[in-house]
Amino acid sequence: MATLGIDLGGTFARAAVVDEAGKMLASAKVALAERSPSSVVETIAEAASAAVRSAGVIVDACGVGAAAQIHKDSGVLSVAPNLGWRNVPLGQLLTDRLGQPVKVVNDLSAAAWGELHVGAGRGAQDLLVVFVGSGVGSAIISGGRLLDGAGGVAGELGHIKVVPGGRRCGCGEQGCLEAYTGGHNLIAQARELLEAGVSPALAHLVGGDGMKLTPVVLEQAAEAGDAAAREVYERAAQFLALAVANQVTVLNPARLILGGGVLNHCPGIRRRVLEGVRAWASQTSREGLLIADAELGDDSGLIGAALLAA
C-alpha cells in the first residue's frame, strides 16, 4: 500500500506518494504563500492532493518531516525556526484536514530513515546522519531503529552549545553549533564582515551586494586568504568537525552519512569534517566506519517520512 510523504521547509511544501519499497510514484511542490499554521496546512493539502492525483492510487497514511523540535509522538512542533512557530499541533491539524492518520517527525529523522532503507545506509543498522544546509541537523539510527529519546528530540546536533552565551540561534538559545555553521548563519556572519568593511575579498566577490552572499562565497574568500573571512570560516568548520567527531566517538556508528547544501557545495568544509573525524574521533569508534554521501538528495525526507508512516 502506498503512503504519502511530506517535506515541510520554510519556503515550500513537497509531497510524494511512495510505495512500500520506497519508490516515489509521483510528487508535487507548492510554495508557502504565508507561514501561519492554517495557511501552511492548506498548502500541504494542496501539494498532497496533486501528488495523489498524479499517482492515481489510494494512500492510507501520511508522514511529515519538518525542520523543528517535535514533542515525542504528539505531532506538536515545539520550536520551528524556519516557520517562526512555537507549540503548533501540526499533526492534529493535518489529521483533521487530510482525514487520515499523520505522523510528524523531525526532517533529519525522516531523511535518515529514507537513507537507511533505500539510500546510502542500506545494509547497515547503526547510522549517524548529518546534514548541513540552511541549518544543522542530525539523526541517529541504532540497531535499525530511529533513536528519538525520552522527549522526542534526540540527535539535535545543531543545538549543542559550542560557545556558551554566544551568537543567538534561530531556536532562541545562544551559542548553538547552528548559529555558527548553518548556511543562514554563515551568510549572516559574512554580511556582518561586509557591512563592517573588513573583508576585501568578500566585497570583491559579490560586488558589494550583500544579497549575493552565500556559504560558497565565504569559502572562496577564506581560501583566497582574506583574514576576516577566514576567521569566520575556520571557526565554523572546526566547530562542525569537532562536533561530528565527538558524535562518532559517542555513538560508534557503522556509517556516517553526510548531506545538505553546505556540505555538498563547500568542499573545504566537507574536507574538514572528514579530517576532524580522522583526527578527533576515538580510534576504536573509527574502526570499520564508512563515511558516505547521502544518495537520495532532496527526496530523502519525502521517502523517509512516507516509510515511517507506513
# chains A, B, ... in the order shown; residues from 1 in each chain; ligands from 1
$ residues_around --residues "Ala28 in chain A" --least-positions-apart "3" --cutoff "9 Å" --atoms "only C-alpha atoms" --output "JSON, numbers by chain"
{"A": [13, 14, 15, 16, 46, 47, 48, 49, 50, 51, 52, 54]}
$ residues_around --residues "Ala67 in chain A" --least-positions-apart "6" --cutoff "10 Å" --atoms "only C-alpha atoms" --output "PyMOL selection string"
chain A and resi 7-10+77+79-83+105-109+135-137
$ residues_around --residues "Asn264 in chain A" --least-positions-apart "5" --cutoff "12 Å" --atoms "only C-alpha atoms" --output "mmCIF file with N, CA and C atoms, in the first residue's frame"
data_model
loop_
_atom_site.group_PDB
_atom_site.id
_atom_site.type_symbol
_atom_site.label_atom_id
_atom_site.label_comp_id
_atom_site.auth_asym_id
_atom_site.auth_seq_id
_atom_site.Cartn_x
_atom_site.Cartn_y
_atom_site.Cartn_z
ATOM 1 N N VAL A 130 24.191 13.367 9.182
ATOM 2 C CA VAL A 130 24.395 14.789 9.450
ATOM 3 C C VAL A 130 24.196 15.565 8.161
ATOM 4 N N PHE A 131 23.249 16.501 8.188
ATOM 5 C CA PHE A 131 23.009 17.389 7.051
ATOM 6 C C PHE A 131 23.304 18.820 7.501
ATOM 7 N N VAL A 132 24.049 19.538 6.684
ATOM 8 C CA VAL A 132 24.279 20.957 6.922
ATOM 9 C C VAL A 132 23.778 21.709 5.702
ATOM 10 N N GLY A 133 22.672 22.408 5.884
ATOM 11 C CA GLY A 133 22.101 23.230 4.828
ATOM 12 C C GLY A 133 21.847 24.606 5.391
ATOM 13 N N GLY A 183 23.862 27.325 7.160
ATOM 14 C CA GLY A 183 24.002 28.192 5.992
ATOM 15 C C GLY A 183 23.492 29.596 6.211
ATOM 16 N N PRO A 215 27.324 30.660 1.476
ATOM 17 C CA PRO A 215 28.437 29.939 2.105
ATOM 18 C C PRO A 215 29.577 29.656 1.137
ATOM 19 N N VAL A 216 29.240 29.414 -0.128
ATOM 20 C CA VAL A 216 30.283 29.164 -1.130
ATOM 21 C C VAL A 216 31.176 30.384 -1.283
ATOM 22 N N ILE A 257 26.731 9.396 7.385
ATOM 23 C CA ILE A 257 26.197 9.858 6.106
ATOM 24 C C ILE A 257 26.085 11.371 6.144
ATOM 25 N N LEU A 258 26.684 12.028 5.164
ATOM 26 C CA LEU A 258 26.746 13.488 5.113
ATOM 27 C C LEU A 258 25.924 14.015 3.950
ATOM 28 N N GLY A 259 25.222 15.128 4.186
ATOM 29 C CA GLY A 259 24.433 15.731 3.120
ATOM 30 C C GLY A 259 24.087 17.171 3.443
ATOM 31 N N ILE A 269 34.676 22.699 3.625
ATOM 32 C CA ILE A 269 34.042 22.364 4.899
ATOM 33 C C ILE A 269 33.868 20.854 5.018
ATOM 34 N N ARG A 270 33.441 20.218 3.931
ATOM 35 C CA ARG A 270 33.292 18.760 3.967
ATOM 36 C C ARG A 270 34.643 18.102 4.254
ATOM 37 N N ARG A 271 35.694 18.594 3.623
ATOM 38 C CA ARG A 271 37.022 18.022 3.843
ATOM 39 C C ARG A 271 37.433 18.156 5.303
ATOM 40 N N ALA A 292 29.913 8.194 3.950
ATOM 41 C CA ALA A 292 29.293 8.229 2.626
ATOM 42 C C ALA A 292 28.458 9.485 2.457
ATOM 43 N N ASP A 293 28.299 9.886 1.206
ATOM 44 C CA ASP A 293 27.392 10.991 0.899
ATOM 45 C C ASP A 293 25.971 10.462 0.811
ATOM 46 N N ALA A 294 25.013 11.268 1.275
ATOM 47 C CA ALA A 294 23.600 10.901 1.129
ATOM 48 C C ALA A 294 23.291 10.672 -0.350
ATOM 49 N N GLU A 295 22.516 9.646 -0.639
ATOM 50 C CA GLU A 295 22.248 9.273 -2.027
ATOM 51 C C GLU A 295 20.936 9.821 -2.570
ATOM 52 N N GLY A 297 19.391 12.783 -2.059
ATOM 53 C CA GLY A 297 19.247 14.220 -2.284
ATOM 54 C C GLY A 297 18.046 14.784 -1.559
ATOM 55 N N ASP A 298 17.319 15.657 -2.238
ATOM 56 C CA ASP A 298 16.161 16.306 -1.630
ATOM 57 C C ASP A 298 15.001 15.351 -1.385
#
$ residues_around --residues "Ala124 in chain A" --least-positions-apart "5" --cutoff "10 Å" --atoms "only C-alpha atoms" --output "ChimeraX atom specification"
/A:116-117,141-144,253-255
$ select_by_dssp --residues "range 78-144 of chain A" --states "helix (DSSP H, G or I)" --output "list in words"
Leu90, Gly91, Gln92, Leu93, Leu94, Thr95, Asp96, Arg97, Leu98, Asp107, Leu108, Ser109, Ala110, Ala111, Ala112, Trp113, Gly114, Glu115, Leu116, His117 and Val118 of chain A
$ write_last_selection --atoms "C-alpha atoms" --output "PDB file, in the first residue's frame"
ATOM      1  CA  LEU A  90       0.676  20.290  13.202  1.00  0.00           C
ATOM      2  CA  GLY A  91      -0.096  16.580  13.424  1.00  0.00           C
ATOM      3  CA  GLN A  92      -3.645  17.128  14.644  1.00  0.00           C
ATOM      4  CA  LEU A  93      -4.253  19.994  12.227  1.00  0.00           C
ATOM      5  CA  LEU A  94      -3.200  17.824   9.283  1.00  0.00           C
ATOM      6  CA  THR A  95      -5.091  14.777  10.527  1.00  0.00           C
ATOM      7  CA  ASP A  96      -8.263  16.872  10.635  1.00  0.00           C
ATOM      8  CA  ARG A  97      -7.594  18.405   7.204  1.00  0.00           C
ATOM      9  CA  LEU A  98      -6.483  15.285   5.340  1.00  0.00           C
ATOM     10  CA  ASP A 107      13.141  16.343   8.915  1.00  0.00           C
ATOM     11  CA  LEU A 108      16.504  14.695   9.614  1.00  0.00           C
ATOM     12  CA  SER A 109      14.800  11.706  11.200  1.00  0.00           C
ATOM     13  CA  ALA A 110      12.814  11.314   8.003  1.00  0.00           C
ATOM     14  CA  ALA A 111      15.922  11.729   5.845  1.00  0.00           C
ATOM     15  CA  ALA A 112      17.849   9.177   7.904  1.00  0.00           C
ATOM     16  CA  TRP A 113      15.024   6.655   7.588  1.00  0.00           C
ATOM     17  CA  GLY A 114      14.970   7.131   3.835  1.00  0.00           C
ATOM     18  CA  GLU A 115      18.738   6.702   3.557  1.00  0.00           C
ATOM     19  CA  LEU A 116      18.613   3.614   5.787  1.00  0.00           C
ATOM     20  CA  HIS A 117      16.109   1.819   3.578  1.00  0.00           C
ATOM     21  CA  VAL A 118      16.811   2.941   0.023  1.00  0.00           C
TER      22      VAL A 118
END
$ atom_distance --atom1 "CA of Gly123 in chain A" --atom2 "CA of Leu290 in chain A"
11.9 Å
$ atom_distance --atom1 "CA of Trp85 in chain A" --atom2 "CA of Ala243 in chain A"
26.8 Å
